[in-house]
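S.K.: Following this line is structure_6.pdb, made up of PDB, C-alpha atoms:
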```pdb
ATOM      1  CA  GLN A 294      85.172  26.521  19.885
ATOM      2  CA  LEU A 295      81.884  28.098  18.837
ATOM      3  CA  GLN A 296      80.710  27.228  15.324
ATOM      4  CA  LEU A 297      77.961  29.318  13.798
ATOM      5  CA  VAL A 298      75.431  28.384  11.160
ATOM      6  CA  ASP A 299      73.774  31.180   9.247
ATOM      7  CA  SER A 300      70.806  30.618   6.976
ATOM      8  CA  GLY A 301      67.797  32.201   5.336
ATOM      9  CA  GLY A 302      69.284  33.798   2.251
ATOM     10  CA  GLY A 303      67.770  33.595  -1.193
ATOM     11  CA  LEU A 304      66.613  35.450  -4.265
ATOM     12  CA  VAL A 305      64.060  38.187  -3.719
ATOM     13  CA  GLN A 306      62.653  41.009  -5.797
ATOM     14  CA  PRO A 307      63.337  44.651  -4.894
ATOM     15  CA  GLY A 308      61.015  45.706  -2.101
ATOM     16  CA  GLY A 309      60.787  42.170  -0.779
ATOM     17  CA  SER A 310      61.767  40.712   2.580
ATOM     18  CA  LEU A 311      63.972  37.963   3.952
ATOM     19  CA  ARG A 312      64.788  36.795   7.463
ATOM     20  CA  LEU A 313      68.265  35.505   8.202
ATOM     21  CA  SER A 314      69.055  33.298  11.186
ATOM     22  CA  CYS A 315      72.275  32.625  13.062
ATOM     23  CA  ALA A 316      72.631  29.754  15.504
ATOM     24  CA  ALA A 317      75.332  27.702  17.172
ATOM     25  CA  ALA A 318      75.958  24.452  15.336
ATOM     26  CA  SER A 319      75.922  22.614  18.660
ATOM     27  CA  GLY A 320      72.625  24.173  19.688
ATOM     28  CA  GLU A 321      74.213  25.923  22.651
ATOM     29  CA  SER A 322      72.816  29.215  23.894
ATOM     30  CA  LEU A 323      74.195  32.427  22.398
ATOM     31  CA  ASP A 324      73.275  34.525  25.460
ATOM     32  CA  ASP A 325      76.904  35.219  26.336
ATOM     33  CA  TYR A 326      77.807  36.431  22.859
ATOM     34  CA  ALA A 327      77.380  39.736  21.121
ATOM     35  CA  ILE A 328      76.293  38.886  17.584
ATOM     36  CA  ALA A 329      76.712  40.918  14.431
ATOM     37  CA  TRP A 330      75.695  40.538  10.824
ATOM     38  CA  PHE A 331      78.201  41.485   8.159
ATOM     39  CA  ARG A 332      77.947  41.341   4.390
ATOM     40  CA  GLN A 333      80.365  41.141   1.533
ATOM     41  CA  ALA A 334      79.536  41.976  -2.053
ATOM     42  CA  PRO A 335      81.776  40.841  -4.949
ATOM     43  CA  GLY A 336      84.914  42.937  -5.114
ATOM     44  CA  LYS A 337      84.137  44.772  -1.880
ATOM     45  CA  GLU A 338      85.284  44.515   1.701
ATOM     46  CA  ARG A 339      83.155  42.888   4.368
ATOM     47  CA  GLU A 340      81.051  45.539   6.110
ATOM     48  CA  GLY A 341      79.065  45.562   9.301
ATOM     49  CA  VAL A 342      75.293  45.658   8.941
ATOM     50  CA  SER A 343      73.880  45.317  12.442
ATOM     51  CA  CYS A 344      74.829  44.040  15.876
ATOM     52  CA  ILE A 345      73.117  43.127  19.120
ATOM     53  CA  SER A 346      74.447  42.686  22.619
ATOM     54  CA  GLY A 347      74.061  39.516  24.624
ATOM     55  CA  ARG A 348      70.475  39.293  25.907
ATOM     56  CA  GLY A 349      69.534  41.985  23.372
ATOM     57  CA  GLY A 350      69.816  45.178  25.373
ATOM     58  CA  THR A 351      71.682  47.172  22.726
ATOM     59  CA  THR A 352      71.440  47.205  18.950
ATOM     60  CA  ASN A 353      73.284  49.110  16.247
ATOM     61  CA  TYR A 354      72.795  49.474  12.479
ATOM     62  CA  ARG A 355      74.717  50.905   9.574
ATOM     63  CA  ASP A 356      72.974  53.973   8.206
ATOM     64  CA  SER A 357      71.960  52.415   4.892
ATOM     65  CA  VAL A 358      69.811  49.746   6.567
ATOM     66  CA  LYS A 359      68.260  51.731   9.392
ATOM     67  CA  ASP A 360      64.443  51.655   9.257
ATOM     68  CA  ARG A 361      64.599  48.630   6.926
ATOM     69  CA  PHE A 362      66.419  45.916   8.893
ATOM     70  CA  ILE A 363      65.655  44.696  12.399
ATOM     71  CA  ILE A 364      67.994  42.554  14.484
ATOM     72  CA  SER A 365      66.574  40.464  17.303
ATOM     73  CA  ARG A 366      67.436  37.409  19.322
ATOM     74  CA  ASP A 367      66.249  34.692  21.593
ATOM     75  CA  SER A 368      68.511  32.399  23.606
ATOM     76  CA  ALA A 369      69.111  30.095  20.658
ATOM     77  CA  LYS A 370      69.240  32.308  17.584
ATOM     78  CA  VAL A 371      69.857  35.787  16.286
ATOM     79  CA  TYR A 372      67.675  37.028  13.461
ATOM     80  CA  LEU A 373      68.018  39.740  10.855
ATOM     81  CA  GLN A 374      64.677  40.749   9.395
ATOM     82  CA  MET A 375      65.375  42.533   6.129
ATOM     83  CA  ASN A 376      62.542  44.560   4.620
ATOM     84  CA  SER A 377      62.305  46.839   1.585
ATOM     85  CA  LEU A 378      65.313  45.130   0.081
ATOM     86  CA  LYS A 379      67.278  46.922  -2.601
ATOM     87  CA  PRO A 380      69.643  45.589  -5.277
ATOM     88  CA  GLU A 381      72.543  47.142  -3.376
ATOM     89  CA  ASP A 382      71.773  44.797  -0.457
ATOM     90  CA  THR A 383      72.953  41.886  -2.606
ATOM     91  CA  ALA A 384      75.862  40.176  -0.853
ATOM     92  CA  VAL A 385      76.904  37.152   1.129
ATOM     93  CA  TYR A 386      75.764  37.719   4.697
ATOM     94  CA  TYR A 387      77.772  36.366   7.632
ATOM     95  CA  CYS A 388      77.036  36.307  11.330
ATOM     96  CA  GLY A 389      79.875  36.846  13.766
ATOM     97  CA  ALA A 390      80.099  36.287  17.521
ATOM     98  CA  ASP A 391      82.117  37.930  20.280
ATOM     99  CA  PHE A 392      82.198  36.279  23.715
ATOM    100  CA  ARG A 393      80.877  38.766  26.285
ATOM    101  CA  PRO A 394      79.763  37.002  29.440
ATOM    102  CA  GLU A 395      76.895  38.739  31.223
ATOM    103  CA  GLY A 396      76.555  41.076  28.243
ATOM    104  CA  VAL A 397      79.371  43.397  29.239
ATOM    105  CA  GLY A 398      80.243  46.273  26.935
ATOM    106  CA  VAL A 399      78.547  47.661  23.877
ATOM    107  CA  PRO A 400      79.137  45.803  20.603
ATOM    108  CA  THR A 401      80.225  47.669  17.488
ATOM    109  CA  LEU A 402      80.324  46.961  13.765
ATOM    110  CA  SER A 403      84.081  46.545  13.718
ATOM    111  CA  ILE A 404      85.011  43.297  12.028
ATOM    112  CA  TYR A 405      87.973  42.915  14.390
ATOM    113  CA  GLU A 406      85.677  42.507  17.363
ATOM    114  CA  TYR A 407      84.276  39.134  16.278
ATOM    115  CA  ASP A 408      86.119  35.865  16.658
ATOM    116  CA  TYR A 409      83.626  33.304  15.392
ATOM    117  CA  TRP A 410      81.934  33.294  11.999
ATOM    118  CA  GLY A 411      79.233  31.496  10.097
ATOM    119  CA  GLN A 412      79.777  30.130   6.626
ATOM    120  CA  GLY A 413      77.700  32.825   4.936
ATOM    121  CA  THR A 414      74.340  32.889   3.200
ATOM    122  CA  GLN A 415      73.754  34.488  -0.194
ATOM    123  CA  VAL A 416      71.182  37.265  -0.520
ATOM    124  CA  THR A 417      70.342  38.365  -4.047
ATOM    125  CA  VAL A 418      67.930  41.201  -4.709
ATOM    126  CA  ALA A 419      66.959  41.341  -8.360
ATOM    127  CA  SER A 420      63.923  41.559 -10.568
TER     128      SER A 420
END
```
Using structure tokens, write down the structure from this file.
M.R.:
Amino acid sequence: QLQLVDSGGGLVQPGGSLRLSCAAASGESLDDYAIAWFRQAPGKEREGVSCISGRGGTTNYRDSVKDRFIISRDSAKVYLQMNSLKPEDTAVYYCGADFRPEGVGVPTLSIYEYDYWGQGTQVTVAS
């Protein structure tokens, strides 16, 4: 059973940057998993932010973060570089994984697609 560890959250001023990381707790490779970042603000549903296919061939972003966030990966970790942060980006961010050997298919931002989740990391954007 894959266990994910997400990290990198914190308090940042509007316009600032943070980089989140998602890794397997065991240190195993994530190459055979599509990975997505979701976020959940207080009183709101969890929403998809960005996703990346296994081996990184395909990426997808929600409209509100396009041109500000960049998802990337190496064999061990998946990263979410968040730039030009806004107060409305404040949320707990979670990474999710969907087993896709050999990178088959195109991942989406549907929460139902992901079977494994990190514990969440808090991102707060405030002055």
S.K.: Within 8 Å of Leu323 of chain A, counting all atoms listed in the file, which residues qualify if same-chain residues fewer than 5 places away don't, as an MDAnalysis selection string?
M.R.: chainID A and resid 316:317 347 368:370
S.K.: Which polymer residues, protein or nucleic acid, are no farther than 10 Å from (62.4, 43.5, 0.9), counting all atoms listed in the file, as a ChimeraX atom specification?
M.R.: /A:305-312,361-362,374-380,382,418
S.K.: Identify which of the residues A:Ser365, A:Gln415, A:Ser314, A:Thr351 lies closest to Val399 of chain A, counting only C-alpha atoms when measuring atom-to-atom distances.
M.R.: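 The answer is A:Thr351, which sits nearest to Val399 of chain A.
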S.K.: Around (78.0, 33.2, 12.4), as given in the file, which residues come within 9 Å? Count only C-alpha atoms and list them as a PyMOL selection string.
M.R.: chain A and resi 296-299+315-317+328-330+387-390+409-413
S.K.: What does the structure give for the distance between atom CA of Glu406 of chain A and atom CA of Arg355 of chain A, in Å to one decimal?
M.R.: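 Distance between the two atoms: 15.9 Å.
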S.K.: In Å, how far is it from atom CA of Gly341 of chain A to atom CA of Val358 of chain A?
M.R.: 10.5 Å
S.K.: Mind checking which residues fall within 9 Å of Arg393 of chain A, counting all atoms listed in the file, ignoring those fewer than 4 positions away in the same chain, and posting them as a PyMOL selection string?
M.R.: chain A and resi 324-327+346-347+397-398
S.K.: Could you please determine the separation between atom CA of Val385 of chain A and atom CA of Val416 of chain A in Å, to one decimal place?
M.R.: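 Straight-line distance from atom CA of Val385 of chain A to atom CA of Val416 of chain A works out to 6.0 Å.
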S.K.: Tell me which of A:Pro394, A:Leu304, A:Ser420, A:Leu313 sits closest to Ile364 of chain A, counting only C-alpha atoms.
M.R.: A:Leu313
S.K.: May I have the centre and edge lengths, in Å to one decimal, of an axis-aligned box around the listed atoms of segment 389-407 of chain A with 5 Å added to every side, as AutoDock Vina command-line options?
M.R.:
```
--center_x 82.3 --center_y 42.0 --center_z 21.6 --size_x 21.4 --size_y 21.4 --size_z 29.2
```
S.K.: When distances are computed from all atoms listed in the file, which of A:Ile404, A:Val342, A:Ile363, A:Leu373 shows the smallest separation from Asp391 of chain A?
M.R.: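 Smallest distance to Asp391 of chain A is found for A:Ile404.
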S.K.: Which residue out of A:Glu381, A:Leu295, A:Ser357, A:Tyr372 has the minimum interatomic distance to Ser322 of chain A when all atoms listed in the file are used?
M.R.: A:Leu295
S.K.: Determine the nearest neighbour of Gly350 of chain A from the options A:Glu395, A:Thr383, A:Leu402, A:Glu338, counting all atoms listed in the file.
M.R.: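 Of A:Glu395, A:Thr383, A:Leu402, A:Glu338, the one nearest Gly350 of chain A, counting all atoms listed in the file, is A:Glu395.
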S.K.: Working from the structure I just supplied, which lacks atoms in segment 298-309 of chain A, can you model all heavy atoms there and output them as a compact mmCIF listing (two decimals), in the coordinates of the input?
M.R.:
```
# COMPACT_ATOMS: atom_id res chain seq x y z
N VAL A 298 76.11 28.75 12.40
CA VAL A 298 75.43 28.38 11.16
C VAL A 298 74.47 29.51 10.81
O VAL A 298 73.57 29.83 11.60
CB VAL A 298 74.66 27.07 11.32
CG1 VAL A 298 73.91 26.74 10.02
CG2 VAL A 298 75.60 25.94 11.70
N ASP A 299 74.71 30.15 9.67
CA ASP A 299 73.77 31.18 9.25
C ASP A 299 72.97 30.66 8.06
O ASP A 299 73.46 29.90 7.24
CB ASP A 299 74.45 32.53 8.93
CG ASP A 299 75.82 32.40 8.33
OD1 ASP A 299 76.01 31.48 7.51
OD2 ASP A 299 76.69 33.21 8.67
N SER A 300 71.72 31.13 7.98
CA SER A 300 70.81 30.62 6.98
C SER A 300 69.73 31.64 6.68
O SER A 300 69.63 32.67 7.36
CB SER A 300 70.15 29.32 7.47
OG SER A 300 69.42 29.55 8.65
N GLY A 301 68.94 31.36 5.65
CA GLY A 301 67.80 32.20 5.34
C GLY A 301 67.94 33.05 4.10
O GLY A 301 67.00 33.75 3.71
N GLY A 302 69.10 33.02 3.46
CA GLY A 302 69.28 33.80 2.25
C GLY A 302 68.48 33.26 1.08
O GLY A 302 67.87 32.19 1.17
N GLY A 303 68.48 34.02 0.00
CA GLY A 303 67.77 33.60 -1.19
C GLY A 303 67.68 34.70 -2.20
O GLY A 303 68.32 35.75 -2.07
N LEU A 304 66.87 34.47 -3.20
CA LEU A 304 66.61 35.45 -4.26
C LEU A 304 65.28 36.12 -3.99
O LEU A 304 64.26 35.44 -3.77
CB LEU A 304 66.59 34.75 -5.62
CG LEU A 304 66.15 35.59 -6.83
CD1 LEU A 304 67.14 36.73 -7.07
CD2 LEU A 304 66.02 34.70 -8.07
N VAL A 305 65.28 37.44 -4.00
CA VAL A 305 64.06 38.19 -3.72
C VAL A 305 64.01 39.39 -4.63
O VAL A 305 65.06 39.93 -5.03
CB VAL A 305 64.01 38.59 -2.22
CG1 VAL A 305 65.13 39.53 -1.87
CG2 VAL A 305 62.66 39.17 -1.85
N GLN A 306 62.81 39.82 -4.96
CA GLN A 306 62.65 41.01 -5.80
C GLN A 306 62.86 42.28 -4.98
O GLN A 306 62.67 42.26 -3.74
CB GLN A 306 61.26 41.02 -6.43
CG GLN A 306 61.05 39.91 -7.44
CD GLN A 306 59.70 40.04 -8.14
OE1 GLN A 306 58.80 40.73 -7.67
NE2 GLN A 306 59.56 39.37 -9.28
N PRO A 307 63.24 43.37 -5.62
CA PRO A 307 63.34 44.65 -4.89
C PRO A 307 62.04 44.97 -4.17
O PRO A 307 60.95 44.77 -4.72
CB PRO A 307 63.62 45.65 -6.02
CG PRO A 307 64.31 44.85 -7.06
CD PRO A 307 63.66 43.50 -7.03
N GLY A 308 62.18 45.44 -2.94
CA GLY A 308 61.02 45.71 -2.10
C GLY A 308 60.57 44.53 -1.27
O GLY A 308 59.73 44.68 -0.38
N GLY A 309 61.16 43.37 -1.52
CA GLY A 309 60.79 42.17 -0.78
C GLY A 309 61.48 42.06 0.56
O GLY A 309 62.23 42.95 0.98
```
